[in-house]
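Student: Next up is a structure, given as C-alpha cells.
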Amino acid sequence: MKSTSLALGALLALGLATAADAADTPATTTSIQQIRNATARITYGDTVLLVDPMLAAKGAYPGFPDTYRSELRNPTVELPFDVSQVLKDVDAVLLTHTHLDHWDPAAETLIPREMPMFVQHEADAALLRAKGFADVRILPAHTTFGGVRITRVAAQHGSADMFKVEPLATLLGSVTGFVFEKSGQPTIYLAGDTVWTGDVQDAIKRHTPDVIVLNTGDARVKGFDTGIIMGVDDTSRVHALAPKAKIVAVHMDAVNHMTVSRADLRRYVDEKAIQDSVLIPEDGETLTF
C-alpha cells in the first residue's frame, strides 16, 4: 500500500509540475508596437514585420512644401528608443509607399541590404534595388510570409478632387494597405495613407478584422479643406461598421502637416463614447491582442 501511495504521489507531482511548466510557457501572441508616425512593428508569434520605417533623428528634413505648418522640420519628435531596437529581430519590411515619412534616407542606410522588402509595384521596387537591396518583392494580391498571410488593399492618398490636379496627383501617387492573417490569431487591417473609400469599406466587410490600424492625423496640403489621410471622424465611421474591432490610431504628432494630434483624437473619442474601442498608442508602446 505504501509503494502504491508513493507511486501515485510521484505521478501527481509529475502532473502538477507539467501543468506548472505549461502555465509558465507564454502563448503565441499578436502585437503591434507603435514606433513613430506610421512606423510600426507587427508581431505574430515569432514573425516580426516592420511597416513604413522612417528612422531619422528629429529635425533631419525640411517640412513638406505647400502643406500645413511647412515651417516645421521633420520628424518633429525623436524615436522612442535606439534604431537598433526598432530593427531587432525584424524578419521583413513592408512599405505602403515610399513618401519620405514612410521610407526615408535613414531607413535606406540602416536596414540590412539582405532584408526581405515588400513593396506595392515595380516603381517602388526599382527605387529599393537602386539602393542595393537584394531581396525586393512586389506584393501580389495575396502572399504568405513566415506563416502570415498578407493581402493588399487598395488605398487613395487624398480626395478625388486632389487627383484631378497635376502635379499634386503625381506627388500623392499610389499607396496600398495590408490585411494580415494567421490561423488562430487576430486579423489586422492596416489601412495606410488613405481617405475613406469604397475599397476601405469593402475590406472591413470582407475580412472582418479584429484590429484596424488607421492613419488619423488628417494631413493637409494647401488649397484644400479636406485631408490626404483619415481624421477624427473616420474613427466613428469605422467603429460603426466594425463595432467589435479595436481601432489603433497612429500617424500623429510626428510630421509637420498633421492637423490632428493624439490629444485632439482623445477628446473626440471621449465625446463620442467610443474610447474603449479606439486605442491611441504613444511612441514605443506595444499593444497585445
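For the C-alpha cells, the naming scheme is as follows: chains receive sequential letters (A, B, ...) according to their order of presentation, residues are indexed from 1 within each chain, and ligands are indexed from 1 in presentation order.
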Extract, using only C-alpha atoms, all DNA, RNA and protein residues at most 7 Å from Asp52 (chain A), discarding same-chain residues fewer than 3 positions from it, and format them as a VMD selection string.
Tutor: chain A and resid 38 to 39 94 to 96 102 to 103
Student: Any chance you could export the current selection's N, CA, C and O atoms as a PDB file, in the first residue's frame?
Tutor:
ATOM      1  N   ALA A  38       3.987  56.580 -38.871  1.00  0.00           N
ATOM      2  CA  ALA A  38       3.340  55.381 -39.395  1.00  0.00           C
ATOM      3  C   ALA A  38       4.212  54.145 -39.235  1.00  0.00           C
ATOM      4  O   ALA A  38       3.841  53.064 -39.710  1.00  0.00           O
ATOM      5  N   THR A  39       5.346  54.272 -38.589  1.00  0.00           N
ATOM      6  CA  THR A  39       6.264  53.150 -38.410  1.00  0.00           C
ATOM      7  C   THR A  39       5.773  52.258 -37.276  1.00  0.00           C
ATOM      8  O   THR A  39       5.497  52.730 -36.182  1.00  0.00           O
ATOM      9  N   LEU A  94       7.726  46.015 -44.832  1.00  0.00           N
ATOM     10  CA  LEU A  94       6.659  46.269 -45.797  1.00  0.00           C
ATOM     11  C   LEU A  94       6.457  47.764 -45.932  1.00  0.00           C
ATOM     12  O   LEU A  94       6.371  48.477 -44.926  1.00  0.00           O
ATOM     13  N   LEU A  95       6.372  48.234 -47.172  1.00  0.00           N
ATOM     14  CA  LEU A  95       6.157  49.643 -47.444  1.00  0.00           C
ATOM     15  C   LEU A  95       4.784  49.839 -48.077  1.00  0.00           C
ATOM     16  O   LEU A  95       4.473  49.230 -49.104  1.00  0.00           O
ATOM     17  N   THR A  96       3.980  50.713 -47.469  1.00  0.00           N
ATOM     18  CA  THR A  96       2.719  51.075 -48.107  1.00  0.00           C
ATOM     19  C   THR A  96       2.961  51.969 -49.311  1.00  0.00           C
ATOM     20  O   THR A  96       2.200  51.953 -50.270  1.00  0.00           O
ATOM     21  N   HIS A 102       7.408  57.689 -44.709  1.00  0.00           N
ATOM     22  CA  HIS A 102       7.171  56.243 -44.615  1.00  0.00           C
ATOM     23  C   HIS A 102       8.413  55.439 -45.004  1.00  0.00           C
ATOM     24  O   HIS A 102       8.504  54.255 -44.683  1.00  0.00           O
ATOM     25  N   TRP A 103       9.333  56.080 -45.692  1.00  0.00           N
ATOM     26  CA  TRP A 103      10.567  55.421 -46.128  1.00  0.00           C
ATOM     27  C   TRP A 103      11.579  56.536 -46.395  1.00  0.00           C
ATOM     28  O   TRP A 103      11.439  57.285 -47.348  1.00  0.00           O
TER      29      TRP A 103
END
Student: Tell me, as a PDB file with all heavy atoms, in the first residue's frame, which residues lie within 9 Å of Asp89 (chain A), counting only C-alpha atoms; anything in the same chain fewer than 6 positions away does not count.
Tutor:
ATOM      1  N   ASP A  46       6.574  34.348 -33.716  1.00  0.00           N
ATOM      2  CA  ASP A  46       7.993  34.547 -33.988  1.00  0.00           C
ATOM      3  C   ASP A  46       8.252  35.399 -35.229  1.00  0.00           C
ATOM      4  O   ASP A  46       9.410  35.644 -35.567  1.00  0.00           O
ATOM      5  CB  ASP A  46       8.694  33.188 -34.175  1.00  0.00           C
ATOM      6  CG  ASP A  46       8.696  32.361 -32.902  1.00  0.00           C
ATOM      7  OD1 ASP A  46       8.700  32.976 -31.820  1.00  0.00           O
ATOM      8  OD2 ASP A  46       8.673  31.123 -32.997  1.00  0.00           O
ATOM      9  N   THR A  47       7.218  35.823 -35.916  1.00  0.00           N
ATOM     10  CA  THR A  47       7.384  36.604 -37.143  1.00  0.00           C
ATOM     11  C   THR A  47       7.191  38.083 -36.853  1.00  0.00           C
ATOM     12  O   THR A  47       6.131  38.494 -36.366  1.00  0.00           O
ATOM     13  CB  THR A  47       6.387  36.144 -38.221  1.00  0.00           C
ATOM     14  OG1 THR A  47       6.591  34.747 -38.482  1.00  0.00           O
ATOM     15  CG2 THR A  47       6.584  36.932 -39.510  1.00  0.00           C
ATOM     16  N   VAL A  48       8.216  38.881 -37.155  1.00  0.00           N
ATOM     17  CA  VAL A  48       8.192  40.318 -36.883  1.00  0.00           C
ATOM     18  C   VAL A  48       8.259  41.074 -38.210  1.00  0.00           C
ATOM     19  O   VAL A  48       9.213  40.916 -38.986  1.00  0.00           O
ATOM     20  CB  VAL A  48       9.365  40.750 -35.977  1.00  0.00           C
ATOM     21  CG1 VAL A  48       9.294  42.253 -35.693  1.00  0.00           C
ATOM     22  CG2 VAL A  48       9.355  39.962 -34.677  1.00  0.00           C
TER      23      VAL A  48
END
Student: Here is a test: counting only C-alpha atoms, which residue of A:Gly231, A:Gly284, A:Gly192, A:Pro65 is nearest to Leu171 (chain A)?
Tutor: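 Answer, going by the shortest atom-to-atom distance: A:Pro65.
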Student: Give the strand (DSSP E or B) residues of region 96-262 of chain A, as DSSP finds them on the backbone, and put them as a VMD selection string.
Tutor: chain A and resid 117 to 119 136 to 138 142 to 145 148 to 155 175 to 181 188 to 190 211 to 215 221 246 to 250
Student: From the options A:Val232, A:Met117, A:Ala57, A:Ala160, which residue's atoms come nearest to Phe145 (chain A), counting only C-alpha atoms?
Tutor: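 Distance minimum relative to Phe145 (chain A) lands on A:Met117.
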Student: Can I get the residues of region 190-269 of chain A within 6 Å of region 276-282 of chain A, each with the closest pair of atoms and their distance in Å to one decimal, using only C-alpha atoms, sorted chain first then ascending number, as CSV?
Tutor:
residue,atom,partner,partner_atom,distance
A:Lys246,CA,A:Ser277,CA,5.1
A:Ile247,CA,A:Val278,CA,4.7
A:Val248,CA,A:Leu279,CA,4.8
A:Ala249,CA,A:Ile280,CA,5.2
Student: Return as a count of residues only the full set of residues in region 55-100 of chain A whose backbone-based DSSP assignment is helix (DSSP H, G or I).
Tutor: 5
Student: For Val200 (chain A), list every protein, DNA or RNA residue within 10 Å, evaluated using only C-alpha atoms, and leave out those in the same chain fewer than 4 positions away; present the list as a PyMOL selection string.
Tutor: chain A and resi 153-156+177+189+191+194-196+204-206+238
Student: A:Ser183, A:Ser84, A:Thr226, A:Asn215: which is nearest Gln34 (chain A), counting only C-alpha atoms?
Tutor: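 Once distances to Gln34 (chain A) are computed over only C-alpha atoms, the minimum belongs to A:Asn215.
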Student: Taking 6 positions as the minimum chain separation for residues in the same chain, which residues sit within 9 Å of Ala134 (chain A) when counting only C-alpha atoms? Answer as a list in words.
Tutor: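 The residues satisfying every condition are Arg113, Glu114, Met115, Pro116, Met117 and Leu128 of chain A.
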Student: Those same residues, written as a PDB file, in the first residue's frame with N, CA and C atoms?
Tutor:
ATOM      1  N   ARG A 113      20.914  45.174 -46.258  1.00  0.00           N
ATOM      2  CA  ARG A 113      20.619  45.035 -47.680  1.00  0.00           C
ATOM      3  C   ARG A 113      19.998  43.691 -48.043  1.00  0.00           C
ATOM      4  N   GLU A 114      20.172  42.675 -47.192  1.00  0.00           N
ATOM      5  CA  GLU A 114      19.592  41.357 -47.479  1.00  0.00           C
ATOM      6  C   GLU A 114      18.189  41.195 -46.917  1.00  0.00           C
ATOM      7  N   MET A 115      17.683  42.202 -46.221  1.00  0.00           N
ATOM      8  CA  MET A 115      16.344  42.129 -45.620  1.00  0.00           C
ATOM      9  C   MET A 115      15.270  41.953 -46.701  1.00  0.00           C
ATOM     10  N   PRO A 116      14.343  41.009 -46.545  1.00  0.00           N
ATOM     11  CA  PRO A 116      13.200  40.942 -47.468  1.00  0.00           C
ATOM     12  C   PRO A 116      12.379  42.226 -47.388  1.00  0.00           C
ATOM     13  N   MET A 117      12.123  42.812 -48.554  1.00  0.00           N
ATOM     14  CA  MET A 117      11.413  44.089 -48.640  1.00  0.00           C
ATOM     15  C   MET A 117      10.187  43.900 -49.534  1.00  0.00           C
ATOM     16  N   LEU A 128      14.190  50.728 -54.518  1.00  0.00           N
ATOM     17  CA  LEU A 128      14.931  49.998 -53.492  1.00  0.00           C
ATOM     18  C   LEU A 128      16.108  49.225 -54.078  1.00  0.00           C
TER      19      LEU A 128
END
Student: Please measure the separation of CA of Ile274 (chain A) and CA of Arg237 (chain A), giving the value in Å to one decimal.
Tutor: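 Interatomic distance, CA of Ile274 (chain A) to CA of Arg237 (chain A): 11.1 Å.
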